[in-house]
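Student: Supplied in structure tokens, the structure appears directly below.
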Amino acid sequence: MTIKRSLERFLMRQRLHIEMALGRTSFHNPMYQSGPVQEVRHRIIAGLAFGDVLEIGSLMGASALAMAASSHVRRVTCIDPWFQLRTFRIFLHNVEVSGASQRIHPIRSTSQHILPLLQSASFDTIYIDGDHSEEGVRFDIRQARRLIRPLGRIIGDDYDIPDVKRAVDSEFSASRLHADQGLWWI
């Protein structure tokens, strides 16, 4: 698969995330189509998240919106570099129109720059969907272990991507790891 096609598929998935989270059937990006698989994924994410949430990799905000819609979630802190200003504006628009602006707080930077600065044991749920390289996922997982509170939950996406799967499998024992619909969690 070409890089261009991979990027198109990724963007299509993000549009679907947003449509499901907002309960809408159409969105700005015509490449993205909704479907039942994404709806199931959002239900899983929203069902697993609780308390103070850290999301690593937000893009257009669909997963953040799904988590913020849960009554078990107090606040969602989103870290993403939003390299494209247009994408960041779409994220902000989606948060605003959803009515979740009081519960979702974006930080525009990479996880490598921000995570080391955050206080240890400060989140109940951490959702990892940022850098998909094996090294990037390992970094995010190691930082998540430091940042998660006792009895907290670490969740991630794209377990079906080989680099992500290798990193997750090497960082967690199989007996603690759960996976479904491309998501993984401990």
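The way I read the labels, and the way they are meant: chains A, B, ... in the order of the structure tokens, residue 1 as the first residue of every chain, and ligand 1 as the first ligand shown, with later ones counted on from there.
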List as JSON, numbers by chain the protein and nucleic acid residues near Leu177 of chain A, meaning an atom at most 12 Å away when only C-alpha atoms are counted, but skip any in the same chain fewer than 2 places from it.
Tutor: {"A": [153, 154, 155, 156, 159, 165, 168, 169, 170, 171, 172, 173, 174, 175, 179, 180, 183, 184, 185, 186]}
Student: Residues at most 10 Å from Arg166 of chain A, counting only C-alpha atoms, excluding those fewer than 6 positions away in the same chain, as a list in words?
Tutor: Ser133, Glu134, Glu135, Val137, Arg138, Tyr159 and Asp160 of chain A
Student: Store the residues of this selection in a file with all heavy atoms, as a PDB file, in the first residue's frame.
Tutor:
```pdb
ATOM      1  N   SER A 133       5.003   4.664  14.821  1.00  0.00           N
ATOM      2  CA  SER A 133       6.251   3.917  14.684  1.00  0.00           C
ATOM      3  C   SER A 133       6.448   3.093  15.952  1.00  0.00           C
ATOM      4  O   SER A 133       5.945   3.449  17.020  1.00  0.00           O
ATOM      5  CB  SER A 133       7.435   4.865  14.482  1.00  0.00           C
ATOM      6  OG  SER A 133       7.709   5.579  15.676  1.00  0.00           O
ATOM      7  N   GLU A 134       7.193   1.997  15.848  1.00  0.00           N
ATOM      8  CA  GLU A 134       7.426   1.151  17.018  1.00  0.00           C
ATOM      9  C   GLU A 134       8.080   1.948  18.142  1.00  0.00           C
ATOM     10  O   GLU A 134       7.663   1.854  19.303  1.00  0.00           O
ATOM     11  CB  GLU A 134       8.303  -0.046  16.630  1.00  0.00           C
ATOM     12  CG  GLU A 134       8.462  -1.054  17.742  1.00  0.00           C
ATOM     13  CD  GLU A 134       9.149  -2.335  17.303  1.00  0.00           C
ATOM     14  OE1 GLU A 134       9.332  -2.553  16.088  1.00  0.00           O
ATOM     15  OE2 GLU A 134       9.497  -3.126  18.192  1.00  0.00           O
ATOM     16  N   GLU A 135       9.073   2.770  17.802  1.00  0.00           N
ATOM     17  CA  GLU A 135       9.762   3.578  18.816  1.00  0.00           C
ATOM     18  C   GLU A 135       8.810   4.607  19.431  1.00  0.00           C
ATOM     19  O   GLU A 135       8.844   4.847  20.642  1.00  0.00           O
ATOM     20  CB  GLU A 135      10.967   4.301  18.211  1.00  0.00           C
ATOM     21  CG  GLU A 135      12.010   3.381  17.609  1.00  0.00           C
ATOM     22  CD  GLU A 135      11.614   2.863  16.212  1.00  0.00           C
ATOM     23  OE1 GLU A 135      10.882   3.562  15.472  1.00  0.00           O
ATOM     24  OE2 GLU A 135      12.028   1.750  15.867  1.00  0.00           O
ATOM     25  N   VAL A 137       5.489   4.455  19.692  1.00  0.00           N
ATOM     26  CA  VAL A 137       4.501   3.793  20.546  1.00  0.00           C
ATOM     27  C   VAL A 137       5.148   3.381  21.865  1.00  0.00           C
ATOM     28  O   VAL A 137       4.564   3.562  22.930  1.00  0.00           O
ATOM     29  CB  VAL A 137       3.871   2.573  19.832  1.00  0.00           C
ATOM     30  CG1 VAL A 137       2.929   1.823  20.761  1.00  0.00           C
ATOM     31  CG2 VAL A 137       3.138   3.013  18.563  1.00  0.00           C
ATOM     32  N   ARG A 138       6.369   2.848  21.804  1.00  0.00           N
ATOM     33  CA  ARG A 138       7.072   2.471  23.040  1.00  0.00           C
ATOM     34  C   ARG A 138       7.265   3.681  23.960  1.00  0.00           C
ATOM     35  O   ARG A 138       7.050   3.598  25.161  1.00  0.00           O
ATOM     36  CB  ARG A 138       8.434   1.858  22.727  1.00  0.00           C
ATOM     37  CG  ARG A 138       8.379   0.441  22.264  1.00  0.00           C
ATOM     38  CD  ARG A 138       9.786  -0.032  21.941  1.00  0.00           C
ATOM     39  NE  ARG A 138       9.719  -1.178  21.080  1.00  0.00           N
ATOM     40  CZ  ARG A 138      10.059  -2.402  21.445  1.00  0.00           C
ATOM     41  NH1 ARG A 138      10.509  -2.613  22.659  1.00  0.00           N
ATOM     42  NH2 ARG A 138       9.954  -3.402  20.616  1.00  0.00           N
ATOM     43  N   TYR A 159      -3.914  -1.609  16.800  1.00  0.00           N
ATOM     44  CA  TYR A 159      -3.193  -2.830  17.168  1.00  0.00           C
ATOM     45  C   TYR A 159      -2.950  -3.717  15.949  1.00  0.00           C
ATOM     46  O   TYR A 159      -2.102  -4.592  15.973  1.00  0.00           O
ATOM     47  CB  TYR A 159      -3.992  -3.580  18.237  1.00  0.00           C
ATOM     48  CG  TYR A 159      -3.256  -4.711  18.907  1.00  0.00           C
ATOM     49  CD1 TYR A 159      -2.101  -4.488  19.639  1.00  0.00           C
ATOM     50  CD2 TYR A 159      -3.743  -6.007  18.826  1.00  0.00           C
ATOM     51  CE1 TYR A 159      -1.440  -5.522  20.272  1.00  0.00           C
ATOM     52  CE2 TYR A 159      -3.091  -7.052  19.460  1.00  0.00           C
ATOM     53  CZ  TYR A 159      -1.934  -6.808  20.173  1.00  0.00           C
ATOM     54  OH  TYR A 159      -1.289  -7.841  20.798  1.00  0.00           O
ATOM     55  N   ASP A 160      -3.682  -3.444  14.878  1.00  0.00           N
ATOM     56  CA  ASP A 160      -3.514  -4.212  13.649  1.00  0.00           C
ATOM     57  C   ASP A 160      -2.356  -3.701  12.788  1.00  0.00           C
ATOM     58  O   ASP A 160      -2.021  -4.306  11.772  1.00  0.00           O
ATOM     59  CB  ASP A 160      -4.815  -4.217  12.840  1.00  0.00           C
ATOM     60  CG  ASP A 160      -5.406  -2.828  12.645  1.00  0.00           C
ATOM     61  OD1 ASP A 160      -4.966  -1.878  13.312  1.00  0.00           O
ATOM     62  OD2 ASP A 160      -6.334  -2.704  11.831  1.00  0.00           O
TER      63      ASP A 160
END
```
Student: Pick out the residues sitting within 9 Å of segment 42-52 of chain A, and hand them over as an NGL selection string; count only C-alpha atoms, and ignore anything fewer than 3 positions along from it in its own chain.
Tutor: :A and (17 or 20-21 or 37-39 or 62-63 or 66-77 or 122-127 or 152-155 or 180-181 or 183 or 185)
Student: To test your reading of the structure, identify every residue in chain A that backbone DSSP assigns to helix (DSSP H, G or I), and report it as an MDAnalysis selection string.
Tutor: chainID A and resid 3:22 36:48 62:68 85:98 111:117 134:147 162:171
Student: Write out as a PDB file with N, CA and C atoms, in the first residue's frame each polymer residue whose atoms come within 9 Å of Cys78 of chain A, counting only C-alpha atoms; drop sequence neighbours fewer than 2 positions from it.
Tutor:
```
ATOM      1  N   VAL A  53      -8.744  12.064  31.581  1.00  0.00           N
ATOM      2  CA  VAL A  53      -8.234  11.327  30.422  1.00  0.00           C
ATOM      3  C   VAL A  53      -7.145  12.131  29.725  1.00  0.00           C
ATOM      4  N   LEU A  54      -6.103  11.431  29.304  1.00  0.00           N
ATOM      5  CA  LEU A  54      -5.076  11.996  28.435  1.00  0.00           C
ATOM      6  C   LEU A  54      -5.174  11.273  27.106  1.00  0.00           C
ATOM      7  N   GLU A  55      -5.361  12.029  26.037  1.00  0.00           N
ATOM      8  CA  GLU A  55      -5.373  11.447  24.694  1.00  0.00           C
ATOM      9  C   GLU A  55      -4.111  11.883  23.971  1.00  0.00           C
ATOM     10  N   ILE A  56      -3.342  10.901  23.518  1.00  0.00           N
ATOM     11  CA  ILE A  56      -2.114  11.170  22.770  1.00  0.00           C
ATOM     12  C   ILE A  56      -2.425  10.908  21.301  1.00  0.00           C
ATOM     13  N   GLY A  57      -2.555  11.971  20.538  1.00  0.00           N
ATOM     14  CA  GLY A  57      -2.941  11.881  19.129  1.00  0.00           C
ATOM     15  C   GLY A  57      -4.438  12.078  18.988  1.00  0.00           C
ATOM     16  N   SER A  58      -4.845  13.249  18.560  1.00  0.00           N
ATOM     17  CA  SER A  58      -6.274  13.581  18.515  1.00  0.00           C
ATOM     18  C   SER A  58      -6.793  13.854  17.114  1.00  0.00           C
ATOM     19  N   GLY A  61     -10.424  15.021  16.534  1.00  0.00           N
ATOM     20  CA  GLY A  61     -11.122  15.022  17.808  1.00  0.00           C
ATOM     21  C   GLY A  61     -12.198  13.975  18.025  1.00  0.00           C
ATOM     22  N   ALA A  64     -11.704  11.892  21.254  1.00  0.00           N
ATOM     23  CA  ALA A  64     -11.849  12.801  22.401  1.00  0.00           C
ATOM     24  C   ALA A  64     -13.320  13.111  22.641  1.00  0.00           C
ATOM     25  N   VAL A  76     -10.843  15.695  29.298  1.00  0.00           N
ATOM     26  CA  VAL A  76      -9.969  15.064  28.311  1.00  0.00           C
ATOM     27  C   VAL A  76      -8.905  16.080  27.894  1.00  0.00           C
ATOM     28  N   ASP A  80      -1.530  16.748  20.559  1.00  0.00           N
ATOM     29  CA  ASP A  80      -1.338  16.470  19.138  1.00  0.00           C
ATOM     30  C   ASP A  80      -0.543  17.636  18.562  1.00  0.00           C
ATOM     31  N   ILE A 104     -12.821  19.367  27.084  1.00  0.00           N
ATOM     32  CA  ILE A 104     -11.706  18.969  26.217  1.00  0.00           C
ATOM     33  C   ILE A 104     -10.702  20.106  26.146  1.00  0.00           C
ATOM     34  N   HIS A 105      -9.430  19.782  26.454  1.00  0.00           N
ATOM     35  CA  HIS A 105      -8.384  20.788  26.529  1.00  0.00           C
ATOM     36  C   HIS A 105      -7.206  20.383  25.641  1.00  0.00           C
ATOM     37  N   PRO A 106      -7.023  21.067  24.497  1.00  0.00           N
ATOM     38  CA  PRO A 106      -5.939  20.698  23.584  1.00  0.00           C
ATOM     39  C   PRO A 106      -4.588  21.284  23.985  1.00  0.00           C
ATOM     40  N   ILE A 107      -3.540  20.514  23.725  1.00  0.00           N
ATOM     41  CA  ILE A 107      -2.161  20.983  23.857  1.00  0.00           C
ATOM     42  C   ILE A 107      -1.505  20.697  22.513  1.00  0.00           C
ATOM     43  N   ARG A 108      -1.117  21.740  21.828  1.00  0.00           N
ATOM     44  CA  ARG A 108      -0.563  21.581  20.474  1.00  0.00           C
ATOM     45  C   ARG A 108       0.946  21.388  20.554  1.00  0.00           C
TER      46      ARG A 108
END
```
